[in-house]
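Participant: Structure in structure tokens, see below.
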Amino acid sequence: MTLFDGIVIGGGHNGLVAAATLAKAGRKVLVLEAAAEPGGAARTEEFAPGFRVSSIAHVLNRLHPDVMKTLELEKHGLQIARADFIPSVALSKDAPPLVLHGAYGEVLTGASSSEQSAWKDLRAQLLRYAGILKPFLSRRPPDLGGMSLLETASLGQTALALKKLGKEDMRDFLRVLLMNVADLLDEQLADDRLKGLLAFDATLGSHLGPRSPTSLLGLYYRLAGEIGGAAGAQLLPRGGMGAVVVAIRTAAEKAGVTIRTSVPVARIIVEKDRAVGVVLDNGEELRARTIVSAINPATTFLDLVGPRGIDTGFMRKVKNIRMKGDAAKLHLALDRPPQFTGADAADHKGRLVIAPSPDHVERAFNPSKYGEFSPEPAMEITLPSLADPSLAPDGACVLSAVVQYAPYQLKEGWNAGKPKFLEAILARLEAYAPGIGKTVRHAELLTPADIEKRYRMPGGHWHHGELQADQMLISRPVSGWSGYDTPLDELFLAGAGSHPGGGVSGAPGLNAARRIIAMKG
Amino acid sequence: MAQATRKKPVATTANAAVSARTLAQTHFRTLRLGTPFQPRLDALAKTQDWYNWAGYRAPHSLWDEELEYFAIRSQAALFDISPMTKYRIEGPDAEAFLDRVTLRDVTKLRPGRVHYTAWCDDEGFVLDDGTLFRLSPTRFRLCSQERHLPWLLDSALGFDVTVEEETEAVAGLALQGPTSFAVLRDAGFTGVEKLKIFDLAEFPHDGGTVIISRTGFTGDLGYELFVPADKALSLWDRLMTAGELRGIRAIGYTALNRARLEAGLIVANADFTTAEHAIRADRLRMPDEIGLGFMIDLEKAHFNGRRAILEARTRRRLRHVLVGLEIEGNIPAEHAIVYYKKSQEVGLVSAAMWSPMAKRNIAIASLARPYGDTVVEDLWVEIYAMRELQYQKLMKRAKVVARPFIKLDRRTANPPADF
């Protein structure tokens, strides 16, 4: 039997990043993936004969540069060029769209000149403020109890960065930090389409409407991400998100990581408050010095460790992590590419957003508070097969959309509600791309309930825990345990449920691995 | 106007709902609840000296605190412990559940036995101490000073166990003192002589049953009796009648408090601040800091606070120590400051008395380590003795001594002595 230094539970992208980073530091690492393929919610999967799509995450906008560098992902086939950046397109039913080009709207078209200059100012401000938060949103959160010299120094650097903003700007940064995004947009912009797009981006993937307090943080989180060195940039990876995972996987395997698939872990073995191994659901027992859980934190403690081995206070916190997804994923196999009103060919290759105004997004959000889906949902659409024909049969087209809001606990239940929700979504699409309905060969709608089941994400929440102020930074996944270590010796968390959160960033996995390496000296 | 007329009925309905709710809630009409024994206590309460024990009206004294104390030591004293918080914990996982919540090894507690234990939060700080009664393999009663239902229920996650508060449903009496066994025997509790210290058994009473344990808070021969609230008065009467010729007396807390101090026992939120009550971070105490380190069993299965306790021990982060003191002279050093070399403040006395049994001036104090731990010489207490509207400050030498301050053979003698 081969003895491993570390076992990583969960072969999602964070698990693979953690494994690869550990292996590069000389550890013998085994990754255990429950599904038949690694990649988690960042896979490319066939959903209809000949049609393939990025299963949950479909836009790459925050893969951490340190992950790119540490794992040498470019060498392993992940090419990122400025030319691949895609625009964000705010669709209109009856007019040409408003388009943010380059890295999150370096150039804005389709708006009045006064709006263009207002946007220029706002964009600069948003990026400046997101830049302050960026170090917080990438590194291990500060350990308030016993800060190391390095941590204190980096915290000091942030303070310095704040100071460098100047007095007025710093005050404004603090003023707006916990604001709702709608109010901020109303202060600075006039065009509803632009405001709608930003309101959508700020609330994407969370149980917040644009008028919910702190909703601006979501936009900062988005803009703290970068790709190809450009903050706010986004692209559709060639081959789908699965291609990113393949690059990470290759890096991991080159570094000596062993990956086993179709091996769900049933239990983490704990002896005297120390994690010493895992038991697979087939009864096989594997032991290692370090156990890294790159799956959901609640699953890790409630199911794999079990409450008996952990203190009551900690379990109470874990049980209280809010993670009820409010977004659905739609995959359409289309006979031919759709035509969205007013959008040109380049626009169609971009990220097409249906969110005509902040009011619209807010109204879409309202019913979800009471367990109902949005009758007029907001959505983010991509047509990945336009740039990458390998994803669809000749002449046909793949549509991939994130649709909000779709509350995990739908009052009528998703069995009854899903067909109705699909109908509402298709009606919405038909309004923006007349004729699209007739071309639908196959439709796959993943509600949070489906996402939970298929991807083992409790609540069907992509972030493995709401990404809101009270569940971020030193409170993620739970207060007192944000540094990837856990109350059990040699058990670490490395998934999106840990700081900084979800999205294909690799940051939780990288930070966790770095923490493990640092602890062993 | 139209709006106003529409609104009016809504407001009326709301008011009606509020009044209905108010009527349904009568708790505030009785500021201090009576216990099931209240009619008997009221009849005996000559001093009318009441205090608030967990929301109940409990007597400090009933007739004479000095004589009540001597009733414990020379006769039989009856003390109403009904206000004590009681939880019924039952189920196939009850043992494992309690083993996880509390410090001591519950798997070693046999059915029919009682042990004194404590429980901690994640940080290893003591939430409370109390007694755990194992009534059957799957049924326990946990008695404590403070209330813990949310903590116990949250701790029950993943265990097949039910936790119910039974403070109101179950009445309790402590019968303590040299003649207590004889009183029980004469009251007709056949077989009570078989109870060794920390044993419990069920006895028939008034068509139901009473659980009698050989436990107590006095360091003396004594028993505790738990009975359904509706059988409380008949139990009281049964004991009082049987004990008449053996000097049975009802007593209040002041007398009991003296007896417990002589026995060296601590009281939560008197000798230490429980974790959920402490506001100041340095008031929290680990078991090792209040003399309960003996309860910690690192060999048993995981329990709340284990990690923190172990870490504090290895990193030598235990900041306090609770000690017994013997103080020169005979003036009780209640709440006196403890000094090292008469000048450096190192702690505080939490309970003190002149002990009639030990014939010593005794105290329990919390000191900042190393004082009281490795440095035990040259300790002093400063007693402020009020002498006709003037404090006389006395600096008295204090010696760290072992607890209990008195050891009575009759407490553990088998069979229990017949006085």
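If you're wondering about the labels, chains in the structure tokens are A, B, ... by order shown, residues count from 1 in each chain, ligands from 1 in order shown.
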Under the rule of at most 12 Å, produce a per-residue listing of chain A near chain B: chain, number, name, the closest pair of atoms, and the distance in Å, as CSV, using only C-alpha atoms.

Facilitator:
residue,atom,partner,partner_atom,distance
A:Val270,CA,B:His302,CA,9.8
A:Glu271,CA,B:Ala301,CA,9.1
A:Lys272,CA,B:His302,CA,7.1
A:Asp273,CA,B:His302,CA,7.1
A:Arg274,CA,B:Arg307,CA,10.1
A:Phe301,CA,B:Gly158,CA,11.2
A:Leu302,CA,B:Gly158,CA,8.3
A:Asp303,CA,B:Gly158,CA,9.5
A:Leu304,CA,B:Gly158,CA,12.0
A:Val305,CA,B:Gly158,CA,11.0
A:Gly306,CA,B:Gly158,CA,7.2
A:Pro307,CA,B:Gly158,CA,5.9
A:Arg308,CA,B:Arg100,CA,6.8
A:Gly309,CA,B:His302,CA,5.6
A:Ile310,CA,B:Asn304,CA,7.3
A:Asp311,CA,B:Asn304,CA,4.7
A:Thr312,CA,B:Ser155,CA,5.2
A:Gly313,CA,B:Asp122,CA,5.8
A:Phe314,CA,B:Asp122,CA,7.1
A:Met315,CA,B:Ser155,CA,8.2
A:Arg316,CA,B:Asp154,CA,6.6
A:Lys317,CA,B:Asp154,CA,10.3
A:Val318,CA,B:Asp154,CA,11.5
A:Lys319,CA,B:Asp154,CA,9.6
A:Asn320,CA,B:Asp154,CA,11.2
A:Gly480,CA,B:Glu123,CA,10.9
A:Thr486,CA,B:Arg307,CA,11.1
A:Pro487,CA,B:Arg307,CA,7.5
A:Leu488,CA,B:Arg307,CA,8.5
A:Asp489,CA,B:Arg307,CA,9.4

Participant: Just want the 9 Å neighbourhood of Val323 (chain B), counted on only C-alpha atoms, with same-chain residues fewer than 2 positions away dropped. Output as a list in words.

Facilitator: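 Final neighbour list, sorted by chain and number: Ile290, Gly291, Val321, Leu325, Ala363, Ile364, Ala365, Ser366, Leu367, Gly372, Asp373, Val400, Val401, Ala402 and Arg403 of chain B.
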
Participant: Report, in Å to a single decimal, how far apart CA of Ala251 (chain A) and CA of Ala224 (chain A) are.

Facilitator: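 So the two atoms, CA of Ala224 (chain A) and CA of Ala251 (chain A), lie 25.1 Å apart.
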
Participant: Mind checking DSSP for region 163-201 of chain B and telling me the alpha helix (DSSP H) residues as a PyMOL selection string?

Facilitator: chain B and resi 180-186

Participant: Kindly indicate which residue among A:Pro97, A:Leu184, A:Gly229, A:Ala35 lies nearest to Gln125 (chain A), using only C-alpha atoms for the distances.

Facilitator: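 So, comparing all the options, the nearest one is A:Leu184.
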
Participant: Find the distance between CA of Leu445 (chain A) and CA of Leu422 (chain A) and write it in Å to one decimal.

Facilitator: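 It comes out at 6.9 Å.
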
Participant: Rounded to one decimal in Å, what is the spacing between CA of Leu127 (chain A) and CA of Val403 (chain A)?

Facilitator: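 The value is 25.9 Å.
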
Participant: Name the residues in contact with Pro36 (chain B) at a cut-off of 8 Å, using only C-alpha atoms, excluding same-chain residues fewer than 4 positions from it; report them as a PyMOL selection string.

Facilitator: chain B and resi 82+171+229-230+232-233

Participant: Restricting the output to N, CA and C atoms, write the selected residues as a tab-separated table (two decimals), in the first residue's frame.

Facilitator:
chain	number	residue	atom	x	y	z
B	82	SER	N	-35.62	22.48	45.17
B	82	SER	CA	-36.43	22.46	43.95
B	82	SER	C	-35.99	23.48	42.89
B	171	ALA	N	-39.69	18.13	42.21
B	171	ALA	CA	-39.33	18.83	43.43
B	171	ALA	C	-38.16	18.10	44.08
B	229	ALA	N	-43.63	16.90	41.44
B	229	ALA	CA	-44.07	18.09	42.18
B	229	ALA	C	-45.36	17.84	42.98
B	230	ASP	N	-46.27	17.03	42.45
B	230	ASP	CA	-47.55	16.84	43.15
B	230	ASP	C	-47.43	15.92	44.36
B	232	ALA	N	-44.87	16.43	46.44
B	232	ALA	CA	-43.86	17.12	47.24
B	232	ALA	C	-44.30	17.29	48.69
B	233	LEU	N	-45.52	17.79	48.88
B	233	LEU	CA	-45.95	18.10	50.24
B	233	LEU	C	-46.06	16.85	51.10

Participant: Any chance you could list, as number ranges by chain, the residues in region 128-310 of chain B that come up strand (DSSP E) when DSSP is run on the backbone?

Facilitator: B: 128-136, 139-144, 162-165, 170-176, 200-205, 208-213, 222-228, 248-250

Participant: Keeping only N, CA and C atoms, write those residues as a compact mmCIF listing (two decimals), in the first residue's frame.

Facilitator:
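Output contents, as saved in selection-v7.txt:
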# COMPACT_ATOMS: atom_id res chain seq x y z
N ASP B 128 -20.64 25.55 33.77
CA ASP B 128 -21.32 25.27 35.03
C ASP B 128 -20.74 23.98 35.61
N ASP B 129 -21.04 23.77 36.89
CA ASP B 129 -20.79 22.46 37.46
C ASP B 129 -22.13 21.92 37.95
N GLY B 130 -22.18 20.65 38.20
CA GLY B 130 -23.45 20.08 38.62
C GLY B 130 -23.32 18.61 38.91
N THR B 131 -24.46 17.99 39.21
CA THR B 131 -24.42 16.57 39.51
C THR B 131 -25.19 15.81 38.44
N LEU B 132 -24.65 14.68 38.10
CA LEU B 132 -25.26 13.85 37.08
C LEU B 132 -25.73 12.55 37.72
N PHE B 133 -27.02 12.30 37.62
CA PHE B 133 -27.63 11.11 38.20
C PHE B 133 -27.91 10.12 37.07
N ARG B 134 -27.38 8.92 37.19
CA ARG B 134 -27.70 7.92 36.18
C ARG B 134 -28.83 7.06 36.69
N LEU B 135 -30.03 7.29 36.17
CA LEU B 135 -31.22 6.62 36.67
C LEU B 135 -31.39 5.24 36.06
N SER B 136 -30.89 5.08 34.84
CA SER B 136 -30.95 3.77 34.17
C SER B 136 -29.87 3.81 33.10
N ARG B 139 -31.12 6.66 30.91
CA ARG B 139 -31.82 7.81 31.45
C ARG B 139 -30.99 8.50 32.54
N PHE B 140 -30.87 9.82 32.39
CA PHE B 140 -30.05 10.60 33.33
C PHE B 140 -30.83 11.82 33.81
N ARG B 141 -30.37 12.35 34.95
CA ARG B 141 -30.82 13.67 35.39
C ARG B 141 -29.58 14.51 35.64
N LEU B 142 -29.56 15.68 35.01
CA LEU B 142 -28.43 16.60 35.19
C LEU B 142 -28.94 17.79 35.99
N CYS B 143 -28.29 18.06 37.12
CA CYS B 143 -28.70 19.18 37.97
C CYS B 143 -27.63 20.24 37.97
N SER B 144 -28.04 21.50 37.87
CA SER B 144 -27.03 22.56 37.81
C SER B 144 -27.57 23.86 38.36
N THR B 162 -33.13 12.66 23.88
CA THR B 162 -34.02 13.79 24.11
C THR B 162 -33.57 14.51 25.38
N VAL B 163 -33.68 15.81 25.35
CA VAL B 163 -33.30 16.63 26.50
C VAL B 163 -34.50 17.48 26.88
N GLU B 164 -34.94 17.35 28.12
CA GLU B 164 -36.09 18.13 28.56
C GLU B 164 -35.78 18.76 29.90
N GLU B 165 -36.20 20.00 30.04
CA GLU B 165 -36.05 20.63 31.34
C GLU B 165 -37.18 20.13 32.24
N VAL B 170 -40.20 18.48 38.80
CA VAL B 170 -39.59 17.65 39.84
C VAL B 170 -39.21 18.50 41.03
N ALA B 171 -39.69 18.13 42.21
CA ALA B 171 -39.33 18.83 43.43
C ALA B 171 -38.16 18.10 44.08
N GLY B 172 -37.32 18.86 44.77
CA GLY B 172 -36.16 18.24 45.39
C GLY B 172 -35.96 18.70 46.82
N LEU B 173 -35.47 17.79 47.63
CA LEU B 173 -35.16 18.11 49.02
C LEU B 173 -33.80 17.55 49.37
N ALA B 174 -33.04 18.31 50.13
CA ALA B 174 -31.82 17.76 50.70
C ALA B 174 -32.07 17.52 52.18
N LEU B 175 -31.80 16.31 52.59
CA LEU B 175 -31.92 15.98 54.02
C LEU B 175 -30.52 15.65 54.50
N GLN B 176 -29.94 16.55 55.30
CA GLN B 176 -28.53 16.43 55.63
C GLN B 176 -28.33 16.49 57.15
N LEU B 200 -27.82 5.85 44.27
CA LEU B 200 -29.21 6.31 44.27
C LEU B 200 -30.12 5.11 44.08
N ALA B 201 -31.36 5.25 44.55
CA ALA B 201 -32.35 4.18 44.35
C ALA B 201 -33.74 4.79 44.41
N GLU B 202 -34.69 4.01 43.89
CA GLU B 202 -36.07 4.48 43.84
C GLU B 202 -36.83 3.83 44.99
N PHE B 203 -37.69 4.62 45.66
CA PHE B 203 -38.48 4.09 46.78
C PHE B 203 -39.93 4.48 46.57
N PRO B 204 -40.87 3.62 47.02
CA PRO B 204 -42.27 3.98 46.87
C PRO B 204 -42.63 5.15 47.79
N HIS B 205 -43.46 6.02 47.28
CA HIS B 205 -43.96 7.12 48.11
C HIS B 205 -45.31 7.60 47.60
N GLY B 208 -46.61 6.83 44.34
CA GLY B 208 -45.62 7.04 43.26
C GLY B 208 -44.26 6.61 43.76
N THR B 209 -43.24 7.27 43.26
CA THR B 209 -41.91 6.91 43.71
C THR B 209 -41.10 8.17 44.01
N VAL B 210 -40.10 8.00 44.83
CA VAL B 210 -39.15 9.07 45.11
C VAL B 210 -37.76 8.50 44.86
N ILE B 211 -36.91 9.31 44.28
CA ILE B 211 -35.54 8.87 44.07
C ILE B 211 -34.68 9.47 45.17
N ILE B 212 -34.04 8.58 45.91
CA ILE B 212 -33.19 9.04 47.01
C ILE B 212 -31.74 8.71 46.66
N SER B 213 -30.89 9.70 46.79
CA SER B 213 -29.47 9.47 46.56
C SER B 213 -28.71 9.87 47.81
N GLY B 222 -25.80 12.51 54.49
CA GLY B 222 -26.98 13.19 53.97
C GLY B 222 -27.50 12.57 52.69
N TYR B 223 -28.71 12.99 52.35
CA TYR B 223 -29.41 12.42 51.20
C TYR B 223 -30.09 13.54 50.43
N GLU B 224 -30.36 13.24 49.14
CA GLU B 224 -31.19 14.14 48.35
C GLU B 224 -32.35 13.35 47.80
N LEU B 225 -33.52 13.97 47.80
CA LEU B 225 -34.74 13.27 47.39
C LEU B 225 -35.42 14.03 46.25
N PHE B 226 -35.73 13.31 45.18
CA PHE B 226 -36.42 13.93 44.04
C PHE B 226 -37.77 13.25 43.85
N VAL B 227 -38.79 14.07 43.72
CA VAL B 227 -40.15 13.54 43.71
C VAL B 227 -40.99 14.39 42.74
N PRO B 228 -41.99 13.80 42.07
CA PRO B 228 -42.85 14.62 41.22
C PRO B 228 -43.49 15.74 42.04
N ILE B 248 -35.30 17.11 63.36
CA ILE B 248 -35.32 17.60 61.99
C ILE B 248 -35.77 19.06 61.96
N ARG B 249 -35.09 19.86 61.16
CA ARG B 249 -35.40 21.29 61.04
C ARG B 249 -35.30 21.71 59.57
N ALA B 250 -36.22 22.55 59.16
CA ALA B 250 -36.08 23.17 57.83
C ALA B 250 -35.06 24.29 57.94

Participant: Between A:Arg454, A:Lys520, A:His64, A:His76, which residue has the minimum interatomic distance to Lys254 (chain A), considering only C-alpha atoms?

Facilitator: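 Of A:Arg454, A:Lys520, A:His64, A:His76, the one nearest Lys254 (chain A), counting only C-alpha atoms, is A:His76.
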
Participant: Can you pull out every residue within 8 Å of Asn361 (chain B), counting only C-alpha atoms, but drop anything in the same chain fewer than 5 positions away, and send it as a list in words?

Facilitator: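 Skipping anything fewer than 5 positions along the chain leaves Glu326, Ile327, Glu328, Gly329, Asn330, Ile331, Pro332, Ala352, Met353, Trp354 and Ser355 of chain B.
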
Participant: Neighbours of Gln409 (chain A) within 8 Å (only C-alpha atoms; same-chain residues fewer than 3 positions away dropped), as a VMD selection string?

Facilitator: chain A and resid 324 371 413

Participant: When distances are computed from only C-alpha atoms, which of B:Lys341, B:Arg369, B:Arg40, B:Arg214 shows the smallest separation from His115 (chain B)?

Facilitator: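 Under the stated criterion, the closest residue is B:Arg214.
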
Participant: Neighbouring residues of Asp347 (chain A) were defined as those with any atom within 8 Å, considering only C-alpha atoms; residues of the same chain fewer than 6 positions away were excluded. Please report them as an NGL selection string.

Facilitator: :A and (87-89 or 99)

Participant: Compile the contact shell of Gly243 (chain B) as a ChimeraX atom specification: residues with an atom at most 8 Å away, counting only C-alpha atoms, same-chain residues fewer than 4 positions apart removed.

Facilitator: /B:76,183,186-187,239,247-248

Participant: Point out the residue among A:Leu22, A:Leu236, A:Ala427, A:Ala199 with the least atom-to-atom distance to His360 (chain A), counting only C-alpha atoms.

Facilitator: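 Using only C-alpha atoms, His360 (chain A) sits closest to A:Ala199.
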